[in-house]
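Everything below belongs to model.tsv, which stores TSV, C-alpha atoms and all ligand atoms.
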chain	number	residue	atom	x	y	z
A	1	MET	CA	2.56	8.40	-34.24
A	2	ILE	CA	1.59	12.06	-33.91
A	3	LYS	CA	-1.65	12.73	-35.72
A	4	ILE	CA	-2.92	16.03	-37.06
A	5	LYS	CA	-6.08	16.58	-35.01
A	6	ASP	CA	-7.35	19.85	-36.42
A	7	ILE	CA	-6.34	22.89	-38.47
A	8	LYS	CA	-7.91	26.31	-38.04
A	9	PHE	CA	-7.77	28.98	-40.73
A	10	SER	CA	-8.41	32.70	-40.39
A	11	VAL	CA	-7.94	35.76	-42.63
A	12	LYS	CA	-5.96	38.65	-41.18
A	13	LYS	CA	-5.76	42.12	-42.69
A	14	TYR	CA	-2.67	44.30	-42.52
A	15	GLU	CA	-2.20	47.86	-43.70
A	16	TYR	CA	0.98	49.01	-45.39
A	17	LYS	CA	2.71	51.95	-43.70
A	18	LYS	CA	3.07	53.47	-47.19
A	19	PRO	CA	1.39	52.33	-50.43
A	20	PHE	CA	3.43	49.41	-51.75
A	21	HIS	CA	4.00	50.58	-55.31
A	22	ILE	CA	5.94	48.31	-57.69
A	23	THR	CA	5.70	47.96	-61.48
A	24	ASN	CA	2.00	48.10	-62.46
A	25	SER	CA	0.79	47.42	-58.91
A	26	VAL	CA	-0.08	49.51	-55.85
A	27	ARG	CA	-1.23	47.88	-52.64
A	28	THR	CA	-2.33	49.56	-49.44
A	29	GLU	CA	-3.27	46.42	-47.55
A	30	ALA	CA	-2.50	42.73	-47.39
A	31	PHE	CA	-4.82	39.84	-46.54
A	32	ASN	CA	-3.00	36.84	-45.15
A	33	VAL	CA	-4.35	33.48	-44.04
A	34	GLU	CA	-3.27	32.23	-40.65
A	35	VAL	CA	-3.05	28.54	-39.97
A	36	GLU	CA	-3.19	26.90	-36.56
A	37	LEU	CA	-2.28	23.24	-36.57
A	38	ILE	CA	-3.15	21.09	-33.56
A	39	THR	CA	-1.79	17.59	-33.05
A	40	SER	CA	-3.23	14.59	-31.20
A	41	ASN	CA	-0.74	15.13	-28.35
A	42	GLY	CA	-1.61	18.82	-27.94
A	43	ILE	CA	1.15	20.54	-29.89
A	44	ILE	CA	0.03	23.81	-31.50
A	45	SER	CA	1.88	25.41	-34.38
A	46	LYS	CA	0.95	28.69	-36.04
A	47	ALA	CA	1.91	29.68	-39.55
A	48	GLU	CA	0.90	32.13	-42.25
A	49	ALA	CA	0.10	32.08	-45.96
A	50	SER	CA	0.63	35.35	-47.81
A	51	PRO	CA	-0.88	34.80	-51.25
A	52	SER	CA	0.17	36.93	-54.22
A	53	PHE	CA	-2.42	37.49	-56.92
A	54	ARG	CA	0.07	39.26	-59.16
A	55	VAL	CA	2.58	36.39	-59.10
A	56	CYS	CA	0.51	33.26	-58.44
A	57	GLY	CA	-3.09	34.26	-59.19
A	58	GLU	CA	-4.28	33.57	-55.65
A	59	ASN	CA	-5.65	35.68	-52.82
A	60	SER	CA	-7.02	35.08	-49.34
A	61	ASP	CA	-10.43	34.10	-50.81
A	62	THR	CA	-9.00	31.43	-53.10
A	63	VAL	CA	-6.80	30.16	-50.26
A	64	MET	CA	-9.79	29.94	-47.90
A	65	SER	CA	-11.77	28.16	-50.62
A	66	VAL	CA	-9.35	25.21	-50.48
A	67	ALA	CA	-8.84	25.29	-46.70
A	68	ASP	CA	-11.52	22.70	-45.93
A	69	LYS	CA	-10.09	20.36	-48.53
A	70	ALA	CA	-6.61	20.77	-47.05
A	71	ARG	CA	-7.95	20.05	-43.57
A	72	GLY	CA	-9.69	16.94	-44.87
A	73	VAL	CA	-6.54	15.67	-46.57
A	74	LEU	CA	-4.34	16.28	-43.52
A	75	ALA	CA	-6.64	15.24	-40.67
A	76	GLY	CA	-5.42	12.08	-38.99
A	77	LYS	CA	-2.10	12.02	-40.84
A	78	ASP	CA	1.11	11.18	-38.95
A	79	ILE	CA	3.52	14.15	-38.94
A	80	LYS	CA	6.42	11.82	-38.13
A	81	ARG	CA	6.00	10.66	-41.73
A	82	TYR	CA	5.78	14.16	-43.08
A	83	GLY	CA	7.16	13.25	-46.52
A	84	ASN	CA	3.98	11.32	-47.19
A	85	VAL	CA	1.86	14.13	-45.77
A	86	PHE	CA	3.57	16.68	-48.03
A	87	ASN	CA	3.00	14.44	-51.05
A	88	ASP	CA	-0.71	14.12	-50.20
A	89	LEU	CA	-0.94	17.88	-49.86
A	90	LYS	CA	0.86	18.49	-53.16
A	91	SER	CA	-1.42	16.18	-55.07
A	92	SER	CA	-4.61	17.69	-53.70
A	93	VAL	CA	-4.13	21.40	-52.95
A	94	ASP	CA	-2.70	23.75	-55.55
A	95	SER	CA	-2.20	26.88	-53.46
A	96	PRO	CA	1.55	27.50	-53.04
A	97	SER	CA	1.15	29.93	-50.14
A	98	LEU	CA	-1.14	27.57	-48.23
A	99	LYS	CA	1.29	24.71	-48.84
A	100	ALA	CA	4.10	26.88	-47.47
A	101	ALA	CA	2.16	27.60	-44.29
A	102	LEU	CA	0.92	24.04	-43.77
A	103	GLU	CA	4.26	22.42	-44.53
A	104	PHE	CA	6.03	24.79	-42.16
A	105	SER	CA	3.47	24.20	-39.41
A	106	ILE	CA	3.89	20.44	-39.77
A	107	LEU	CA	7.68	20.71	-39.57
A	108	GLU	CA	7.41	23.05	-36.60
A	109	ALA	CA	5.04	20.72	-34.76
A	110	LEU	CA	7.46	17.83	-35.32
A	111	CYS	CA	10.38	19.96	-34.16
A	112	LYS	CA	8.49	21.08	-31.04
A	113	GLU	CA	7.90	17.41	-30.23
A	114	SER	CA	11.63	16.76	-30.68
A	115	GLY	CA	12.71	19.77	-28.63
A	116	ILE	CA	14.48	21.56	-31.46
A	117	LYS	CA	13.72	24.53	-33.67
A	118	VAL	CA	12.99	24.30	-37.40
A	119	TRP	CA	16.21	26.13	-38.31
A	120	ASN	CA	18.19	23.51	-36.37
A	121	PHE	CA	16.31	20.71	-38.10
A	122	LEU	CA	17.16	22.25	-41.49
A	123	GLY	CA	20.87	22.38	-40.69
A	124	GLY	CA	21.43	25.14	-38.15
A	125	VAL	CA	24.03	26.75	-40.41
A	126	LYS	CA	23.61	30.42	-39.43
A	127	LYS	CA	22.47	31.92	-36.14
A	128	GLU	CA	21.37	35.16	-37.76
A	129	ILE	CA	20.78	36.73	-41.14
A	130	GLU	CA	20.97	40.22	-42.59
A	131	THR	CA	18.02	41.66	-44.48
A	132	ASP	CA	17.72	44.56	-46.87
A	133	LYS	CA	14.91	47.13	-46.81
A	134	THR	CA	12.84	48.25	-49.79
A	135	VAL	CA	12.29	51.62	-51.45
A	136	VAL	CA	9.04	51.44	-53.43
A	137	ILE	CA	8.22	53.39	-56.59
A	138	SER	CA	7.38	57.03	-55.99
A	139	ASN	CA	8.63	60.43	-57.15
A	140	ILE	CA	12.38	60.98	-57.23
A	141	LYS	CA	12.47	63.18	-54.13
A	142	ASP	CA	10.55	60.70	-51.96
A	143	MET	CA	12.55	57.70	-53.18
A	144	VAL	CA	15.86	59.40	-52.45
A	145	LEU	CA	14.63	60.51	-49.01
A	146	GLU	CA	13.40	56.99	-48.21
A	147	ALA	CA	16.73	55.49	-49.30
A	148	ALA	CA	18.66	57.93	-47.11
A	149	ASN	CA	16.38	57.11	-44.17
A	150	ILE	CA	16.92	53.39	-44.61
A	151	LYS	CA	20.67	53.98	-44.54
A	152	LYS	CA	20.26	56.04	-41.35
A	153	GLU	CA	18.21	53.23	-39.79
A	154	GLY	CA	21.28	51.02	-40.11
A	155	PHE	CA	20.55	48.90	-43.17
A	156	LYS	CA	23.49	48.04	-45.43
A	157	ILE	CA	21.55	46.63	-48.38
A	158	LEU	CA	18.96	48.65	-50.23
A	159	LYS	CA	16.31	47.14	-52.46
A	160	ILE	CA	15.02	49.62	-55.02
A	161	LYS	CA	11.86	49.11	-57.05
A	162	VAL	CA	12.06	50.33	-60.63
A	163	GLY	CA	10.49	49.28	-63.93
A	164	GLU	CA	7.83	51.81	-64.88
A	165	ASN	CA	9.97	54.49	-66.52
A	166	VAL	CA	13.52	53.61	-67.50
A	167	ASP	CA	14.88	57.16	-67.85
A	168	LYS	CA	13.39	58.25	-64.54
A	169	ASP	CA	14.76	55.04	-62.97
A	170	ILE	CA	18.30	55.86	-64.14
A	171	GLU	CA	18.03	59.32	-62.61
A	172	ILE	CA	16.64	57.90	-59.36
A	173	MET	CA	19.47	55.40	-59.10
A	174	ALA	CA	22.05	58.13	-59.67
A	175	GLU	CA	20.48	60.34	-56.98
A	176	ILE	CA	20.08	57.47	-54.50
A	177	TYR	CA	23.70	56.47	-55.08
A	178	LYS	CA	24.88	59.98	-54.16
A	179	LYS	CA	23.05	59.83	-50.82
A	180	THR	CA	23.78	56.21	-49.89
A	181	LYS	CA	27.33	55.47	-50.98
A	182	GLY	CA	28.72	52.35	-49.34
A	183	MET	CA	25.43	50.47	-49.46
A	184	LYS	CA	24.78	47.44	-51.64
A	185	TYR	CA	21.90	47.61	-54.11
A	186	ILE	CA	19.33	45.09	-55.22
A	187	VAL	CA	17.36	46.59	-58.09
A	188	ASP	CA	14.01	44.99	-58.91
A	189	ALA	CA	12.13	45.89	-62.10
A	190	ASN	CA	9.32	43.36	-61.42
A	191	THR	CA	9.08	42.43	-65.14
A	192	GLY	CA	8.76	46.09	-66.19
A	193	TYR	CA	11.38	46.46	-68.91
A	194	THR	CA	11.82	45.16	-72.42
A	195	PRO	CA	15.18	43.38	-72.82
A	196	LYS	CA	16.48	46.42	-74.69
A	197	GLN	CA	15.43	48.81	-71.90
A	198	ALA	CA	16.87	46.47	-69.28
A	199	VAL	CA	20.30	46.42	-70.95
A	200	TYR	CA	20.16	50.20	-71.51
A	201	PHE	CA	19.39	50.76	-67.79
A	202	ALA	CA	22.27	48.55	-66.68
A	203	LYS	CA	24.82	50.03	-69.08
A	204	LYS	CA	23.90	53.61	-68.14
A	205	LEU	CA	24.35	52.90	-64.43
A	206	TYR	CA	27.56	50.99	-65.02
A	207	SER	CA	28.99	53.91	-66.98
A	208	ARG	CA	28.29	56.13	-63.96
A	209	GLY	CA	30.29	53.82	-61.72
A	210	ILE	CA	27.28	52.42	-59.85
A	211	ASP	CA	27.48	48.78	-58.86
A	212	ILE	CA	24.38	46.63	-58.47
A	213	SER	CA	24.62	43.40	-56.50
A	214	VAL	CA	21.48	41.83	-57.94
A	215	TYR	CA	19.40	42.93	-60.94
A	216	GLU	CA	16.06	41.28	-60.28
A	217	GLN	CA	13.53	40.21	-62.91
A	218	PRO	CA	14.18	42.98	-65.45
A	219	VAL	CA	11.87	41.48	-68.10
A	220	ASP	CA	8.57	39.65	-68.57
A	221	ARG	CA	8.27	36.43	-66.57
A	222	ASN	CA	7.74	34.32	-69.70
A	223	ASP	CA	10.56	35.91	-71.67
A	224	ILE	CA	13.32	33.50	-70.68
A	225	LYS	CA	15.25	34.29	-73.85
A	226	GLY	CA	15.07	37.99	-72.94
A	227	LEU	CA	16.21	37.28	-69.39
A	228	ARG	CA	19.18	35.33	-70.74
A	229	CYS	CA	19.97	38.17	-73.13
A	230	VAL	CA	19.99	40.70	-70.26
A	231	ARG	CA	22.15	38.34	-68.22
A	232	PHE	CA	24.83	38.20	-70.89
A	233	LYS	CA	24.66	41.83	-71.96
A	234	SER	CA	24.43	43.54	-68.58
A	235	PRO	CA	27.38	43.92	-66.21
A	236	TYR	CA	25.30	42.90	-63.19
A	237	PRO	CA	24.16	39.49	-61.92
A	238	VAL	CA	20.56	38.84	-62.98
A	239	ALA	CA	17.98	37.19	-60.72
A	240	ALA	CA	14.84	35.34	-61.74
A	241	ASP	CA	11.90	35.99	-59.43
A	242	GLU	CA	8.51	36.03	-61.18
A	243	SER	CA	10.00	33.59	-63.74
A	244	VAL	CA	10.50	30.82	-61.17
A	245	LYS	CA	7.60	29.38	-59.24
A	246	THR	CA	7.99	25.65	-59.84
A	247	ILE	CA	10.75	23.03	-60.01
A	248	ASP	CA	10.18	22.86	-63.79
A	249	ASP	CA	10.68	26.63	-64.05
A	250	ALA	CA	13.99	26.30	-62.22
A	251	VAL	CA	15.16	23.41	-64.42
A	252	ASN	CA	14.30	25.38	-67.54
A	253	LEU	CA	16.08	28.55	-66.34
A	254	ILE	CA	19.18	26.56	-65.43
A	255	LYS	CA	19.21	24.68	-68.74
A	256	LYS	CA	18.88	27.93	-70.67
A	257	GLU	CA	21.54	29.65	-68.51
A	258	ALA	CA	19.08	32.49	-68.11
A	259	CYS	CA	20.00	33.76	-64.63
A	260	ASP	CA	22.76	34.13	-62.06
A	261	PHE	CA	20.39	34.11	-59.08
A	262	ILE	CA	17.11	32.48	-58.21
A	263	ASN	CA	14.89	34.37	-55.80
A	264	ILE	CA	13.37	31.77	-53.49
A	265	LYS	CA	9.99	32.69	-52.04
A	266	ILE	CA	8.13	30.03	-50.12
A	267	MET	CA	4.81	31.79	-50.91
A	268	LYS	CA	5.17	31.11	-54.63
A	269	MET	CA	6.67	27.61	-54.31
A	270	GLY	CA	5.53	26.03	-51.06
A	271	PHE	CA	8.10	25.10	-48.41
A	272	SER	CA	9.20	21.66	-49.60
A	273	ASN	CA	9.37	22.67	-53.28
A	274	ALA	CA	11.47	25.67	-52.23
A	275	LEU	CA	13.88	23.17	-50.64
A	276	SER	CA	14.03	21.19	-53.91
A	277	ILE	CA	14.65	24.32	-55.99
A	278	ILE	CA	17.38	25.39	-53.56
A	279	GLN	CA	19.17	22.03	-53.94
A	280	LEU	CA	18.79	22.18	-57.71
A	281	ALA	CA	20.27	25.68	-57.80
A	282	ARG	CA	23.18	24.81	-55.51
A	283	ALA	CA	24.05	21.74	-57.57
A	284	ASN	CA	24.17	23.95	-60.67
A	285	ASP	CA	26.15	26.85	-59.18
A	286	ILE	CA	23.20	29.21	-59.31
A	287	LYS	CA	23.27	31.79	-56.54
A	288	LEU	CA	20.36	32.21	-54.19
A	289	MET	CA	18.46	35.01	-52.58
A	290	ILE	CA	15.33	34.71	-50.47
A	291	GLY	CA	12.38	37.07	-50.69
A	292	CYS	CA	8.85	37.51	-49.42
A	293	MET	CA	5.35	38.57	-50.41
A	294	SER	CA	3.32	40.49	-47.79
A	295	GLU	CA	4.07	38.32	-44.80
A	296	SER	CA	3.62	39.68	-41.30
A	297	SER	CA	6.28	38.76	-38.74
A	298	LEU	CA	4.53	35.39	-38.29
A	299	GLY	CA	5.04	34.51	-41.96
A	300	ILE	CA	8.52	36.00	-42.21
A	301	LYS	CA	9.53	33.66	-39.39
A	302	GLN	CA	9.13	30.73	-41.80
A	303	SER	CA	11.66	32.17	-44.25
A	304	VAL	CA	13.98	33.19	-41.42
A	305	HIS	CA	14.12	29.56	-40.28
A	306	LEU	CA	14.81	28.44	-43.84
A	307	ALA	CA	17.54	31.04	-44.34
A	308	CYS	CA	19.25	30.43	-40.99
A	309	GLY	CA	18.90	26.67	-41.27
A	310	LEU	CA	20.47	26.37	-44.71
A	311	GLY	CA	22.72	29.44	-44.66
A	312	CYS	CA	22.87	29.40	-48.46
A	313	PHE	CA	21.42	32.79	-49.36
A	314	ASP	CA	23.74	35.55	-50.55
A	315	PHE	CA	20.94	38.05	-50.02
A	316	CYS	CA	17.89	38.03	-47.75
A	317	ASP	CA	15.05	40.31	-48.73
A	318	LEU	CA	12.85	39.61	-45.74
A	319	ASP	CA	11.40	43.01	-44.91
A	320	SER	CA	7.64	42.82	-45.59
A	321	HIS	CA	6.84	42.80	-41.87
A	322	LEU	CA	8.76	46.08	-41.54
A	323	LEU	CA	6.55	47.66	-44.21
A	324	LEU	CA	3.24	46.63	-42.57
A	325	ASN	CA	1.53	48.06	-39.52
A	326	GLU	CA	1.67	45.30	-36.96
A	327	LYS	CA	0.93	45.59	-33.25
A	328	ARG	CA	3.77	43.35	-32.16
A	329	ASN	CA	6.36	41.00	-33.57
A	330	ARG	CA	4.97	37.45	-33.49
A	331	GLY	CA	7.87	35.88	-35.36
A	332	GLU	CA	9.83	34.78	-32.28
A	333	PHE	CA	12.88	36.51	-33.69
A	334	ILE	CA	14.76	39.62	-32.65
A	335	GLN	CA	15.03	42.35	-35.24
A	336	ASN	CA	18.00	44.58	-34.56
A	337	LYS	CA	18.03	47.03	-37.46
A	338	ASN	CA	19.18	44.91	-40.41
A	339	ILE	CA	19.93	41.76	-38.40
A	340	ILE	CA	17.35	39.06	-37.70
A	341	LYS	CA	18.09	36.50	-35.02
A	342	ILE	CA	15.83	33.67	-33.93
A	343	CYS	CA	15.01	33.84	-30.19
B	401	MN	MN	11.24	40.55	-56.99

Let me see the file written as C-alpha cells.
Amino acid sequence: MIKIKDIKFSVKKYEYKKPFHITNSVRTEAFNVEVELITSNGIISKAEASPSFRVCGENSDTVMSVADKARGVLAGKDIKRYGNVFNDLKSSVDSPSLKAALEFSILEALCKESGIKVWNFLGGVKKEIETDKTVVISNIKDMVLEAANIKKEGFKILKIKVGENVDKDIEIMAEIYKKTKGMKYIVDANTGYTPKQAVYFAKKLYSRGIDISVYEQPVDRNDIKGLRCVRFKSPYPVAADESVKTIDDAVNLIKKEACDFINIKIMKMGFSNALSIIQLARANDIKLMIGCMSESSLGIKQSVHLACGLGCFDFCDLDSHLLLNEKRNRGEFIQNKNIIKIC
C-alpha cells in the first residue's frame, strides 16, 4: 500500500510573450495551479492544472476553491489501486484541469515507485513527438511574418488562428501559404464561423490550391449539425475541439458522424477520461490530435507522456510552453525545435 500523505496546491502566473489572441478572446497572462503530491513512502510528484474559462468555465480561483475538498478525498488513499482513487475524485471534484493534474501526479508517483516513466506505463509507443507552433490572430502583416519565422525556426506544422473575419482570414491564409510552402497547416476558427462561412472559407482556399491538414472547430460548440455539415461540404478533415469535453460529447459526435478528428486536451477532460475518449475514437476510426490550454512546460509534460505512451495522435499541438515566458523548462523533456523527447 502506498498512501497519499499530502497534496500542496499553489497558483503560478505566466506572461505570454505576445498577446494570445484567438476568436473573441485575448489573453496576456495565464494562471495555472501547481500540484505537489507526497506519498507515505516519500515519493513526490509535481503536476499542473491549466484551467480554461472560455472552454470549461473554470479559472485558478475556482480550481483552488475545490483544492481542499480534493485533498480530503485523496488523503490516505492507496495509489496502487488508482482506479478506485480516480473514481472517488470523479464523483467529488468537477474541475477537469485539476483532475488532469491529480490523476497524472498519482500515475507518476506509482510509476516512480515502479522505476518506470508514465509514457512507458501507457505503452511506450513513441520515443518522441513532433509539435506544431501557433500563429495567433493579428493584422495580416504580423501573421505572415510570424508564420515565416516559425518556418525558419524549424517547425513543419503551422497552426493558424482564424475565425473573426472570414474574408481577411482567406487573404491571410493565401499570404501565409506563399511564404511557407511545404508546411502542413492546422487551421483553428475556435467556433468563430457560421456553417455557411466555414464552408465558404474552405472552398475558397481549396480553389487556390491550399491544403489544410486539420480544420479545427469551425462552428459553435453546440452546433453539432453545423459541424457535420461543414465536415461533409468542406474538402478538409474537420476536428471537434470545444465541442468535446466529456465522454458523452464524444459518443454524440461519433454517432452523428460530425467530425474526422477529436482534439484531446487533458485540461478539458481530465487524464483518465481523455484515455476513455481516445479508446472510443480509435474504436470508431476517428482520428486524434492532442492540444493544450496555457500549460507551462510542467503541464505540457503530462500531454507529452500521453502522446508518446500511446503514439496515436496524427497531430500534436503542444506549444503553449513555447508561447509563455518561463525561466526554465521543468517538463523533463528536450525540446529540439519541433521535436519533443522525454529525458
Ligand atoms: Mn482548438

Problem set entry | All residues having an atom within 10 Å of ligand MN 401 (chain B) (all atoms listed in the file) as a PyMOL selection string | chain A and resi 22+55+159+161+186-191+215-218+239-243+263-265+290-293+317

Exercise. Do you know which residues are at most 12 Å from Asn336 (chain A) counting all atoms listed in the file, after dropping those on the same chain fewer than 5 positions away, and could you put them as a ChimeraX atom specification?
Worked result: /A:128-131,153-155,322,341-343

Exercise. Within 10 Å of (11.6, 36.4, -46.3), in the coordinates the file gives, what residues turn up when you count only C-alpha atoms, written out as an MDAnalysis selection string?
Worked result: chainID A and resid 131 264:267 289:297 299:307 316:321

Exercise. Leaving out Lys256 (chain A) and any residue of its chain fewer than 5 positions from it, which residues lie within 9 Å of it when counting all atoms listed in the file, given as a PyMOL selection string?
Worked result: chain A and resi 224-225+228+251

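From CA of Leu110 (chain A) back to CA of Glu36 (chain A), the distance works out to 14.0 Å.
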
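Of the residues listed (A:Ser138, A:Ile157, A:Tyr82, A:Ala198), A:Ser138 shows the shortest atom-to-atom separation from Ile172 (chain A); distances use all atoms listed in the file.
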
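Shell of Thr134 (chain A) at 7 Å, with only C-alpha atoms counted and residues fewer than 2 places along the chain excluded, is Asp132, Val136, Leu158, Lys159 and Ile160 of chain A.
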
Could you dump the residues just selected with C-alpha atoms as a PDB file, in the frame of the given file?
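What follows is the written file selection.pdb:
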ATOM      1  CA  ASP A 132      17.720  44.560 -46.870  1.00  0.00           C
ATOM      2  CA  VAL A 136       9.040  51.440 -53.430  1.00  0.00           C
ATOM      3  CA  LEU A 158      18.960  48.650 -50.230  1.00  0.00           C
ATOM      4  CA  LYS A 159      16.310  47.140 -52.460  1.00  0.00           C
ATOM      5  CA  ILE A 160      15.020  49.620 -55.020  1.00  0.00           C
TER       6      ILE A 160
END

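The list of residues with at least one atom within 10 Å of Asn273 (chain A), based on all atoms listed in the file and without residues fewer than 2 positions apart in the same chain, reads A:Phe86, A:Lys90, A:Pro96, A:Lys99, A:Ala100, A:Lys245, A:Thr246, A:Ile247, A:Ile264, A:Ile266, A:Lys268, A:Met269, A:Gly270, A:Phe271, A:Leu275, A:Ser276, A:Ile277, A:Ile278, A:Gln279.
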
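Relative to CA of Lys184 (chain A), CA of Glu146 (chain A) is found at 15.2 Å.
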
Seminar exercise, completed: Students should find that CA of Ser45 (chain A) and CA of Gly331 (chain A) are spaced 12.1 Å

Taking the partial coordinates given, rebuild region 91-119 of chain A to contain N, CA and C atoms; return it as a PDB file, in the coordinates of the input.
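Output (result-v8.pdb):
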ATOM      1  N   SER A  91      -0.567  16.746 -54.039  1.00  0.00           N
ATOM      2  CA  SER A  91      -1.420  16.180 -55.070  1.00  0.00           C
ATOM      3  C   SER A  91      -2.873  16.628 -54.953  1.00  0.00           C
ATOM      4  N   SER A  92      -3.207  17.335 -53.868  1.00  0.00           N
ATOM      5  CA  SER A  92      -4.610  17.690 -53.700  1.00  0.00           C
ATOM      6  C   SER A  92      -4.897  19.189 -53.566  1.00  0.00           C
ATOM      7  N   VAL A  93      -3.909  19.966 -53.176  1.00  0.00           N
ATOM      8  CA  VAL A  93      -4.130  21.400 -52.950  1.00  0.00           C
ATOM      9  C   VAL A  93      -3.141  22.175 -53.817  1.00  0.00           C
ATOM     10  N   ASP A  94      -3.660  23.086 -54.667  1.00  0.00           N
ATOM     11  CA  ASP A  94      -2.700  23.750 -55.550  1.00  0.00           C
ATOM     12  C   ASP A  94      -2.423  25.212 -55.189  1.00  0.00           C
ATOM     13  N   SER A  95      -2.557  25.533 -53.913  1.00  0.00           N
ATOM     14  CA  SER A  95      -2.200  26.880 -53.460  1.00  0.00           C
ATOM     15  C   SER A  95      -0.778  26.882 -52.885  1.00  0.00           C
ATOM     16  N   PRO A  96       0.169  27.542 -53.558  1.00  0.00           N
ATOM     17  CA  PRO A  96       1.550  27.500 -53.040  1.00  0.00           C
ATOM     18  C   PRO A  96       1.706  28.157 -51.665  1.00  0.00           C
ATOM     19  N   SER A  97       0.976  29.247 -51.439  1.00  0.00           N
ATOM     20  CA  SER A  97       1.150  29.930 -50.140  1.00  0.00           C
ATOM     21  C   SER A  97       0.572  29.091 -48.999  1.00  0.00           C
ATOM     22  N   LEU A  98      -0.555  28.419 -49.271  1.00  0.00           N
ATOM     23  CA  LEU A  98      -1.140  27.570 -48.230  1.00  0.00           C
ATOM     24  C   LEU A  98      -0.229  26.361 -47.958  1.00  0.00           C
ATOM     25  N   LYS A  99       0.347  25.817 -49.026  1.00  0.00           N
ATOM     26  CA  LYS A  99       1.290  24.710 -48.840  1.00  0.00           C
ATOM     27  C   LYS A  99       2.478  25.156 -47.990  1.00  0.00           C
ATOM     28  N   ALA A 100       2.968  26.366 -48.255  1.00  0.00           N
ATOM     29  CA  ALA A 100       4.100  26.880 -47.470  1.00  0.00           C
ATOM     30  C   ALA A 100       3.744  26.907 -45.983  1.00  0.00           C
ATOM     31  N   ALA A 101       2.568  27.469 -45.691  1.00  0.00           N
ATOM     32  CA  ALA A 101       2.160  27.600 -44.290  1.00  0.00           C
ATOM     33  C   ALA A 101       1.930  26.235 -43.644  1.00  0.00           C
ATOM     34  N   LEU A 102       1.233  25.347 -44.353  1.00  0.00           N
ATOM     35  CA  LEU A 102       0.920  24.040 -43.770  1.00  0.00           C
ATOM     36  C   LEU A 102       2.179  23.189 -43.611  1.00  0.00           C
ATOM     37  N   GLU A 103       3.018  23.205 -44.631  1.00  0.00           N
ATOM     38  CA  GLU A 103       4.260  22.420 -44.530  1.00  0.00           C
ATOM     39  C   GLU A 103       5.135  22.929 -43.380  1.00  0.00           C
ATOM     40  N   PHE A 104       5.223  24.256 -43.264  1.00  0.00           N
ATOM     41  CA  PHE A 104       6.030  24.790 -42.160  1.00  0.00           C
ATOM     42  C   PHE A 104       5.414  24.390 -40.820  1.00  0.00           C
ATOM     43  N   SER A 105       4.097  24.501 -40.701  1.00  0.00           N
ATOM     44  CA  SER A 105       3.470  24.200 -39.410  1.00  0.00           C
ATOM     45  C   SER A 105       3.652  22.727 -39.029  1.00  0.00           C
ATOM     46  N   ILE A 106       3.656  21.863 -40.038  1.00  0.00           N
ATOM     47  CA  ILE A 106       3.890  20.440 -39.770  1.00  0.00           C
ATOM     48  C   ILE A 106       5.326  20.216 -39.288  1.00  0.00           C
ATOM     49  N   LEU A 107       6.276  20.840 -39.987  1.00  0.00           N
ATOM     50  CA  LEU A 107       7.680  20.710 -39.570  1.00  0.00           C
ATOM     51  C   LEU A 107       7.883  21.286 -38.167  1.00  0.00           C
ATOM     52  N   GLU A 108       7.223  22.432 -37.912  1.00  0.00           N
ATOM     53  CA  GLU A 108       7.410  23.050 -36.600  1.00  0.00           C
ATOM     54  C   GLU A 108       6.809  22.195 -35.489  1.00  0.00           C
ATOM     55  N   ALA A 109       5.659  21.587 -35.761  1.00  0.00           N
ATOM     56  CA  ALA A 109       5.040  20.720 -34.760  1.00  0.00           C
ATOM     57  C   ALA A 109       5.965  19.530 -34.457  1.00  0.00           C
ATOM     58  N   LEU A 110       6.536  18.960 -35.493  1.00  0.00           N
ATOM     59  CA  LEU A 110       7.460  17.830 -35.320  1.00  0.00           C
ATOM     60  C   LEU A 110       8.704  18.264 -34.546  1.00  0.00           C
ATOM     61  N   CYS A 111       9.197  19.439 -34.863  1.00  0.00           N
ATOM     62  CA  CYS A 111      10.380  19.960 -34.160  1.00  0.00           C
ATOM     63  C   CYS A 111      10.064  20.252 -32.698  1.00  0.00           C
ATOM     64  N   LYS A 112       8.876  20.808 -32.436  1.00  0.00           N
ATOM     65  CA  LYS A 112       8.490  21.080 -31.040  1.00  0.00           C
ATOM     66  C   LYS A 112       8.483  19.769 -30.249  1.00  0.00           C
ATOM     67  N   GLU A 113       7.943  18.731 -30.857  1.00  0.00           N
ATOM     68  CA  GLU A 113       7.900  17.410 -30.230  1.00  0.00           C
ATOM     69  C   GLU A 113       9.322  16.906 -29.934  1.00  0.00           C
ATOM     70  N   SER A 114      10.246  17.243 -30.815  1.00  0.00           N
ATOM     71  CA  SER A 114      11.630  16.760 -30.680  1.00  0.00           C
ATOM     72  C   SER A 114      12.511  17.701 -29.871  1.00  0.00           C
ATOM     73  N   GLY A 115      11.949  18.836 -29.460  1.00  0.00           N
ATOM     74  CA  GLY A 115      12.710  19.770 -28.630  1.00  0.00           C
ATOM     75  C   GLY A 115      13.742  20.579 -29.385  1.00  0.00           C
ATOM     76  N   ILE A 116      13.576  20.700 -30.686  1.00  0.00           N
ATOM     77  CA  ILE A 116      14.480  21.560 -31.460  1.00  0.00           C
ATOM     78  C   ILE A 116      13.669  22.582 -32.256  1.00  0.00           C
ATOM     79  N   LYS A 117      14.385  23.541 -32.827  1.00  0.00           N
ATOM     80  CA  LYS A 117      13.720  24.530 -33.670  1.00  0.00           C
ATOM     81  C   LYS A 117      13.857  24.128 -35.145  1.00  0.00           C
ATOM     82  N   VAL A 118      12.980  24.663 -35.978  1.00  0.00           N
ATOM     83  CA  VAL A 118      12.990  24.300 -37.400  1.00  0.00           C
ATOM     84  C   VAL A 118      14.343  24.623 -38.053  1.00  0.00           C
ATOM     85  N   TRP A 119      14.926  25.762 -37.686  1.00  0.00           N
ATOM     86  CA  TRP A 119      16.210  26.130 -38.310  1.00  0.00           C
ATOM     87  C   TRP A 119      17.310  25.136 -37.954  1.00  0.00           C
TER      88      TRP A 119
END
